[in-house]
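query_2.pdb follows (PDB, C-alpha atoms, pLDDT in the B column):
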```
MODEL        1
ATOM      1  CA  MET P   1      -8.990 -17.183 -24.338  1.00 80.00           C
ATOM      2  CA  GLU P   2      -7.407 -14.380 -26.271  1.00 91.00           C
ATOM      3  CA  LEU P   3      -4.131 -12.864 -25.159  1.00 87.00           C
ATOM      4  CA  ALA P   4      -5.634  -9.382 -24.741  1.00 88.00           C
ATOM      5  CA  ALA P   5      -8.353 -10.705 -22.441  1.00 91.00           C
ATOM      6  CA  ALA P   6      -5.809 -12.622 -20.370  1.00 90.00           C
ATOM      7  CA  LYS P   7      -3.711  -9.460 -20.010  1.00 90.00           C
ATOM      8  CA  MET P   8      -6.696  -7.475 -18.777  1.00 92.00           C
ATOM      9  CA  ILE P   9      -7.632 -10.156 -16.249  1.00 92.00           C
ATOM     10  CA  GLY P  10      -4.038 -10.443 -15.018  1.00 89.00           C
ATOM     11  CA  ALA P  11      -3.675  -6.685 -14.619  1.00 90.00           C
ATOM     12  CA  GLY P  12      -6.962  -6.546 -12.721  1.00 89.00           C
ATOM     13  CA  ILE P  13      -5.819  -9.261 -10.349  1.00 90.00           C
ATOM     14  CA  ALA P  14      -2.473  -7.494  -9.848  1.00 87.00           C
ATOM     15  CA  THR P  15      -4.248  -4.286  -8.840  1.00 88.00           C
ATOM     16  CA  LEU P  16      -6.211  -6.068  -6.107  1.00 89.00           C
ATOM     17  CA  ALA P  17      -3.145  -5.521  -3.934  1.00 85.00           C
ATOM     18  CA  LEU P  18      -3.916  -1.805  -3.966  1.00 87.00           C
ATOM     19  CA  ALA P  19      -7.014  -2.403  -1.835  1.00 89.00           C
ATOM     20  CA  GLY P  20      -4.835  -4.069   0.785  1.00 88.00           C
ATOM     21  CA  ILE P  21      -2.441  -1.153   0.657  1.00 90.00           C
ATOM     22  CA  GLY P  22      -5.266   1.253   1.433  1.00 89.00           C
ATOM     23  CA  ILE P  23      -6.310  -0.827   4.412  1.00 92.00           C
ATOM     24  CA  GLY P  24      -2.704  -1.042   5.606  1.00 89.00           C
ATOM     25  CA  LEU P  25      -2.168   2.707   5.384  1.00 92.00           C
ATOM     26  CA  GLY P  26      -5.373   3.298   7.313  1.00 92.00           C
ATOM     27  CA  ASN P  27      -4.185   0.943  10.041  1.00 94.00           C
ATOM     28  CA  ILE P  28      -0.768   2.589  10.233  1.00 92.00           C
ATOM     29  CA  PHE P  29      -2.040   6.136  10.565  1.00 94.00           C
ATOM     30  CA  GLY P  30      -4.994   5.170  12.768  1.00 94.00           C
ATOM     31  CA  SER P  31      -2.738   3.353  15.204  1.00 94.00           C
ATOM     32  CA  TYR P  32      -0.287   6.251  15.276  1.00 94.00           C
ATOM     33  CA  LEU P  33      -3.070   8.741  15.947  1.00 93.00           C
ATOM     34  CA  SER P  34      -4.536   6.556  18.682  1.00 94.00           C
ATOM     35  CA  GLY P  35      -1.132   6.165  20.336  1.00 93.00           C
ATOM     36  CA  ALA P  36      -0.325   9.866  20.005  1.00 93.00           C
ATOM     37  CA  LEU P  37      -3.592  10.847  21.661  1.00 93.00           C
ATOM     38  CA  ARG P  38      -2.996   8.428  24.542  1.00 95.00           C
ATOM     39  CA  ASN P  39       0.615   9.449  25.124  1.00 93.00           C
ATOM     40  CA  PRO P  40       1.491  12.768  23.453  1.00 92.00           C
ATOM     41  CA  SER P  41       5.050  12.789  24.791  1.00 93.00           C
ATOM     42  CA  ALA P  42       5.893   9.576  22.892  1.00 90.00           C
ATOM     43  CA  ALA P  43       4.451  10.770  19.568  1.00 91.00           C
ATOM     44  CA  PRO P  44       7.615  12.520  18.267  1.00 92.00           C
ATOM     45  CA  LYS P  45       9.684   9.405  18.991  1.00 91.00           C
ATOM     46  CA  GLN P  46       7.327   7.216  16.952  1.00 92.00           C
ATOM     47  CA  PHE P  47       7.023   9.580  13.998  1.00 93.00           C
ATOM     48  CA  THR P  48      10.090   8.059  12.322  1.00 92.00           C
ATOM     49  CA  ASN P  49       8.542   4.596  12.603  1.00 91.00           C
ATOM     50  CA  LEU P  50       5.343   6.002  11.105  1.00 92.00           C
ATOM     51  CA  LEU P  51       7.197   7.308   8.068  1.00 93.00           C
ATOM     52  CA  ILE P  52       9.104   4.048   7.589  1.00 93.00           C
ATOM     53  CA  GLY P  53       5.890   2.047   7.759  1.00 89.00           C
ATOM     54  CA  PHE P  54       4.221   4.425   5.323  1.00 92.00           C
ATOM     55  CA  ALA P  55       7.127   4.217   2.872  1.00 92.00           C
ATOM     56  CA  LEU P  56       7.285   0.416   2.922  1.00 91.00           C
ATOM     57  CA  THR P  57       3.531   0.052   2.527  1.00 90.00           C
ATOM     58  CA  GLU P  58       3.407   2.571  -0.296  1.00 90.00           C
ATOM     59  CA  ALA P  59       6.366   0.899  -2.035  1.00 92.00           C
ATOM     60  CA  THR P  60       4.452  -2.372  -2.043  1.00 90.00           C
ATOM     61  CA  GLY P  61       1.537  -0.606  -3.718  1.00 89.00           C
ATOM     62  CA  LEU P  62       3.820   0.916  -6.328  1.00 92.00           C
ATOM     63  CA  PHE P  63       5.328  -2.494  -7.057  1.00 92.00           C
ATOM     64  CA  ALA P  64       1.838  -3.910  -7.599  1.00 90.00           C
ATOM     65  CA  LEU P  65       1.012  -1.046  -9.953  1.00 90.00           C
ATOM     66  CA  VAL P  66       4.248  -1.547 -11.906  1.00 93.00           C
ATOM     67  CA  ILE P  67       3.505  -5.267 -12.263  1.00 92.00           C
ATOM     68  CA  ALA P  68       0.016  -4.426 -13.575  1.00 90.00           C
ATOM     69  CA  PHE P  69       1.475  -2.021 -16.137  1.00 92.00           C
ATOM     70  CA  LEU P  70       4.087  -4.605 -17.170  1.00 92.00           C
ATOM     71  CA  ILE P  71       1.335  -7.147 -17.732  1.00 90.00           C
ATOM     72  CA  LEU P  72      -0.692  -4.697 -19.803  1.00 89.00           C
ATOM     73  CA  PHE P  73       2.008  -3.164 -21.968  1.00 90.00           C
ATOM     74  CA  THR P  74       4.469  -5.984 -22.614  1.00 85.00           C
TER      75      THR P  74
ENDMDL
END
```

Spell out the structure here as structure tokens.
Amino acid sequence: MELAAAKMIGAGIATLALAGIGIGLGNIFGSYLSGALRNPSAAPKQFTNLLIGFALTEATGLFALVIAFLILFT
């Protein structure tokens, strides 16, 4: 197998994590919305946790994207 083909396959596999990130973000915001509609008085208290969960999930996606770019361009 040529090196260029191996790089393309590796970068494609590294970007598969982005699908999981999309599912994770949907779960985070869906759960927050469900909880906020059930108990509106608790929603402001949980907003900080929502943002932390969003940031950590998004950071994982960015790491996966950086790894894919490193595979492609190095």

List the spatial neighbours of range 23-26 of chain P as number ranges by chain - criterion: any atom at most 9 Å away, only C-alpha atoms, same-chain residues fewer than 4 positions off excluded.
P: 18-19, 30-31, 53-54, 57-58

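Put simply, CA of Leu16 in chain P is 28.4 Å away from CA of Thr48 in chain P.
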
Given the file above and the PyMOL selection byres ((chain P and resi 13) around 12), which residues are selected, and can you give them as a PDB file with C-alpha atoms, in the frame of the given file?
```
ATOM      1  CA  ALA P   6      -5.809 -12.622 -20.370  1.00 90.00           C
ATOM      2  CA  LYS P   7      -3.711  -9.460 -20.010  1.00 90.00           C
ATOM      3  CA  MET P   8      -6.696  -7.475 -18.777  1.00 92.00           C
ATOM      4  CA  ILE P   9      -7.632 -10.156 -16.249  1.00 92.00           C
ATOM      5  CA  GLY P  10      -4.038 -10.443 -15.018  1.00 89.00           C
ATOM      6  CA  ALA P  11      -3.675  -6.685 -14.619  1.00 90.00           C
ATOM      7  CA  GLY P  12      -6.962  -6.546 -12.721  1.00 89.00           C
ATOM      8  CA  ALA P  14      -2.473  -7.494  -9.848  1.00 87.00           C
ATOM      9  CA  THR P  15      -4.248  -4.286  -8.840  1.00 88.00           C
ATOM     10  CA  LEU P  16      -6.211  -6.068  -6.107  1.00 89.00           C
ATOM     11  CA  ALA P  17      -3.145  -5.521  -3.934  1.00 85.00           C
ATOM     12  CA  LEU P  18      -3.916  -1.805  -3.966  1.00 87.00           C
ATOM     13  CA  ALA P  19      -7.014  -2.403  -1.835  1.00 89.00           C
ATOM     14  CA  ALA P  64       1.838  -3.910  -7.599  1.00 90.00           C
ATOM     15  CA  LEU P  65       1.012  -1.046  -9.953  1.00 90.00           C
ATOM     16  CA  ILE P  67       3.505  -5.267 -12.263  1.00 92.00           C
ATOM     17  CA  ALA P  68       0.016  -4.426 -13.575  1.00 90.00           C
ATOM     18  CA  PHE P  69       1.475  -2.021 -16.137  1.00 92.00           C
ATOM     19  CA  ILE P  71       1.335  -7.147 -17.732  1.00 90.00           C
ATOM     20  CA  LEU P  72      -0.692  -4.697 -19.803  1.00 89.00           C
TER      21      LEU P  72
END
```

Which distance in Å separates CA of Gly20 in chain P and CA of Gly61 in chain P, to one decimal?
8.5 Å

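You will find CA of Leu33 in chain P at 18.6 Å from CA of Leu56 in chain P.
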
Looking at P:Leu62, P:Tyr32, P:Leu70, P:Leu3, which one is nearest to Asn49 in chain P, with distances taken over all atoms listed in the file?
P:Tyr32
